[in-house]
$ cat my_file.pdb   # PDB, C-alpha atoms
ATOM      1  CA  MET L   8      26.300 -39.581  -0.078
ATOM      2  CA  GLU L   9      25.785 -35.953   0.474
ATOM      3  CA  GLN L  10      26.102 -33.670  -2.535
ATOM      4  CA  PRO L  11      28.177 -30.518  -2.076
ATOM      5  CA  LYS L  12      26.015 -27.444  -1.759
ATOM      6  CA  LYS L  13      25.835 -25.471  -4.998
ATOM      7  CA  PHE L  14      25.829 -21.726  -4.734
ATOM      8  CA  ARG L  15      24.010 -19.599  -7.198
ATOM      9  CA  LYS L  16      26.030 -16.916  -8.940
ATOM     10  CA  LYS L  17      25.119 -13.389  -7.842
ATOM     11  CA  ARG L  18      23.331 -11.301 -10.435
ATOM     12  CA  ASN L  19      25.201  -8.321 -11.778
ATOM     13  CA  ASP L  20      22.231  -6.777 -13.567
ATOM     14  CA  ARG L  21      20.652  -4.989 -10.642
ATOM     15  CA  THR L  22      17.199  -3.417 -10.826
ATOM     16  CA  HIS L  23      17.179   0.367 -11.271
ATOM     17  CA  LEU L  24      14.267   2.702 -10.707
ATOM     18  CA  ILE L  25      13.512   5.751 -12.803
ATOM     19  CA  TYR L  26      11.587   8.285 -10.752
ATOM     20  CA  SER L  27      10.002  11.700 -11.072
ATOM     21  CA  LEU L  28      10.020  14.487  -8.480
ATOM     22  CA  GLN L  29       7.288  17.035  -9.157
ATOM     23  CA  VAL L  30       6.548  20.387  -7.616
ATOM     24  CA  GLY L  31       3.683  22.200  -9.287
ATOM     25  CA  LYS L  32       4.002  21.652 -13.028
ATOM     26  CA  VAL L  33       7.774  21.233 -13.129
ATOM     27  CA  GLU L  34       9.551  17.940 -12.667
ATOM     28  CA  TYR L  35      12.897  16.246 -12.267
ATOM     29  CA  ILE L  36      13.625  12.785 -13.643
ATOM     30  CA  GLY L  37      16.260  10.698 -11.896
ATOM     31  CA  ILE L  38      17.504   7.159 -11.464
ATOM     32  CA  THR L  39      18.544   5.055  -8.492
ATOM     33  CA  ALA L  40      19.416   1.438  -7.823
ATOM     34  CA  LYS L  41      16.895  -0.644  -5.890
ATOM     35  CA  THR L  42      18.826  -0.884  -2.638
ATOM     36  CA  CYS L  43      16.000  -1.352  -0.139
ATOM     37  CA  SER L  44      13.462  -4.138   0.221
ATOM     38  CA  THR L  45      10.839  -2.239  -1.800
ATOM     39  CA  ALA L  46      11.060   0.106  -4.774
ATOM     40  CA  HIS L  47       9.186   2.830  -2.900
ATOM     41  CA  MET L  48      11.656   2.741  -0.009
ATOM     42  CA  SER L  49      14.611   2.958  -2.413
ATOM     43  CA  VAL L  50      13.202   6.038  -4.140
ATOM     44  CA  ARG L  51      12.295   7.686  -0.820
ATOM     45  CA  SER L  52      15.857   7.064   0.370
ATOM     46  CA  ARG L  53      17.222   8.734  -2.776
ATOM     47  CA  PHE L  54      14.824  11.660  -2.286
ATOM     48  CA  LYS L  55      16.147  12.112   1.261
ATOM     49  CA  LYS L  56      19.690  12.292  -0.137
ATOM     50  CA  HIS L  57      18.550  14.995  -2.547
ATOM     51  CA  THR L  58      16.991  17.009   0.297
ATOM     52  CA  TYR L  59      20.102  16.634   2.458
ATOM     53  CA  ARG L  60      22.366  17.822  -0.362
ATOM     54  CA  ALA L  61      20.032  20.725  -1.146
ATOM     55  CA  ARG L  62      20.327  21.868   2.492
ATOM     56  CA  THR L  63      24.015  21.274   3.068
ATOM     57  CA  GLU L  64      25.764  21.844  -0.276
ATOM     58  CA  ASP L  65      26.063  25.106  -2.121
ATOM     59  CA  LYS L  66      24.939  23.731  -5.494
ATOM     60  CA  ASN L  67      22.937  25.950  -7.812
ATOM     61  CA  TRP L  68      21.299  23.073  -9.628
ATOM     62  CA  PRO L  69      17.656  23.644 -10.610
ATOM     63  CA  LEU L  70      16.362  20.775  -8.431
ATOM     64  CA  TYR L  71      18.201  21.996  -5.342
ATOM     65  CA  ILE L  72      17.119  25.599  -5.896
ATOM     66  CA  ALA L  73      13.491  24.413  -6.085
ATOM     67  CA  MET L  74      13.922  22.293  -2.938
ATOM     68  CA  ARG L  75      15.268  25.249  -1.008
ATOM     69  CA  LYS L  76      12.495  27.498  -2.328
ATOM     70  CA  PHE L  77       9.461  25.209  -1.858
ATOM     71  CA  GLY L  78      10.717  22.746   0.755
ATOM     72  CA  PRO L  79      10.804  18.958   0.404
ATOM     73  CA  ASP L  80       7.173  18.545   1.539
ATOM     74  CA  ALA L  81       5.957  20.280  -1.636
ATOM     75  CA  PHE L  82       7.425  17.540  -3.862
ATOM     76  CA  HIS L  83       5.523  14.501  -5.107
ATOM     77  CA  VAL L  84       7.584  11.378  -5.754
ATOM     78  CA  HIS L  85       6.515   8.943  -8.491
ATOM     79  CA  ILE L  86       8.185   5.779  -9.751
ATOM     80  CA  LEU L  87       8.041   5.880 -13.538
ATOM     81  CA  GLU L  88       9.731   2.594 -14.459
ATOM     82  CA  SER L  89      11.717  -0.315 -13.112
ATOM     83  CA  VAL L  90      14.530  -1.455 -15.420
ATOM     84  CA  ARG L  91      16.875  -4.436 -15.083
ATOM     85  CA  GLY L  92      20.537  -3.559 -15.735
ATOM     86  CA  LYS L  93      22.476  -0.335 -15.287
ATOM     87  CA  ALA L  94      23.175   0.438 -18.955
ATOM     88  CA  ALA L  95      19.566  -0.181 -20.012
ATOM     89  CA  ALA L  96      18.258   1.936 -17.133
ATOM     90  CA  HIS L  97      20.522   4.891 -17.925
ATOM     91  CA  ALA L  98      19.593   4.713 -21.604
ATOM     92  CA  ARG L  99      15.883   4.699 -20.723
ATOM     93  CA  GLU L 100      16.370   7.643 -18.341
ATOM     94  CA  ARG L 101      17.987   9.664 -21.151
ATOM     95  CA  GLU L 102      15.058   8.789 -23.440
ATOM     96  CA  LEU L 103      12.542   9.975 -20.851
ATOM     97  CA  ILE L 104      14.471  13.192 -20.261
ATOM     98  CA  ALA L 105      14.623  13.847 -24.012
ATOM     99  CA  THR L 106      10.886  13.306 -24.512
ATOM    100  CA  ARG L 107       9.483  14.855 -21.306
ATOM    101  CA  LYS L 108      12.014  17.731 -21.055
ATOM    102  CA  PRO L 109      11.839  18.145 -17.260
ATOM    103  CA  LYS L 110      12.616  21.716 -16.210
ATOM    104  CA  LEU L 111      14.531  20.716 -13.061
ATOM    105  CA  ASN L 112      17.094  18.492 -14.802
ATOM    106  CA  LEU L 113      20.412  20.228 -15.293
ATOM    107  CA  ALA L 114      20.872  18.708 -18.774
ATOM    108  CA  CYS L 115      17.602  20.282 -19.980
ATOM    109  CA  VAL L 116      18.468  23.685 -18.513
ATOM    110  CA  LYS L 117      21.872  23.720 -20.265
ATOM    111  CA  LYS L 118      20.301  22.812 -23.632
ATOM    112  CA  SER L 119      17.672  25.552 -23.464
ATOM    113  CA  LYS L 120      20.234  28.328 -22.856
TER     114      LYS L 120
END

$ encode --input "my_file.pdb" --output "structure tokens"
Amino acid sequence: MEQPKKFRKKRNDRTHLIYSLQVGKVEYIGITAKTCSTAHMSVRSRFKKHTYRARTEDKNWPLYIAMRKFGPDAFHVHILESVRGKAAAHARERELIATRKPKLNLACVKKSK
């Protein structure tokens, strides 16, 4: 007799990537879900969304001001960490922001004023 096919339950703890965007000596730390087949493609896709928003939206966020000033080609994209689970990834991102104090993150700019 044929056994009914068993389906595996979908995971709900998706992989998230913490990345750094650097221009000169200043950086931005961000997070994105791994949505593409590779981590690098996911982060590049997120970077493209940042560049699109910097061009089209009138936001005076430090990252977008830097993108308009230097252009997207001046930025270097680095994957810092890969973390399983949304809550854990966001907690780790906050830790990295607190220790590295990136100048292009809005949270760091507000604290320094």

$ residues_around --input "my_file.pdb" --residues "region 84-97 of chain L" --least-positions-apart "5" --cutoff "6 Å" --atoms "all atoms listed in the file" --output "list in words"
Asp20, Arg21, Thr22, His23, Leu24, Ile25, Tyr26, Ser27 and Leu28 of chain L

$ resolve_selection --input "my_file.pdb" --expression "the PyMOL selection byres ((chain L and resi 33) around 8)" --output "list of chain:residue names"
L:Gln29, L:Val30, L:Gly31, L:Lys32, L:Glu34, L:Tyr35, L:Pro109, L:Lys110, L:Leu111

$ residues_around --input "my_file.pdb" --residues "Tyr71 (chain L)" --least-positions-apart "5" --cutoff "8 Å" --atoms "all atoms listed in the file" --output "PyMOL selection string"
chain L and resi 57-58+60-61+66

$ residues_around --input "my_file.pdb" --residues "Ile104 (chain L)" --least-positions-apart "6" --cutoff "9 Å" --atoms "only C-alpha atoms" --output "VMD selection string"
chain L and resid 35 to 37 112 114 to 115

$ axis_aligned_box --input "my_file.pdb" --around "region 45-55 of chain L" --padding-each-side "5 Å" --output "JSON"
{"center_x": 13.2, "center_y": 4.9, "center_z": -1.8, "size_x": 18.0, "size_y": 24.4, "size_z": 16.0}

$ closest_residue --input "my_file.pdb" --among "L:Ala98, L:Thr39, L:Phe14, L:Leu113" --to "Pro69 (chain L)" --atoms "all atoms listed in the file"
L:Leu113

$ atom_distance --input "my_file.pdb" --atom1 "CA of Arg51 (chain L)" --atom2 "CA of His83 (chain L)"
10.5 Å

$ atom_distance --input "my_file.pdb" --atom1 "CA of Asn67 (chain L)" --atom2 "CA of Lys55 (chain L)"
17.9 Å
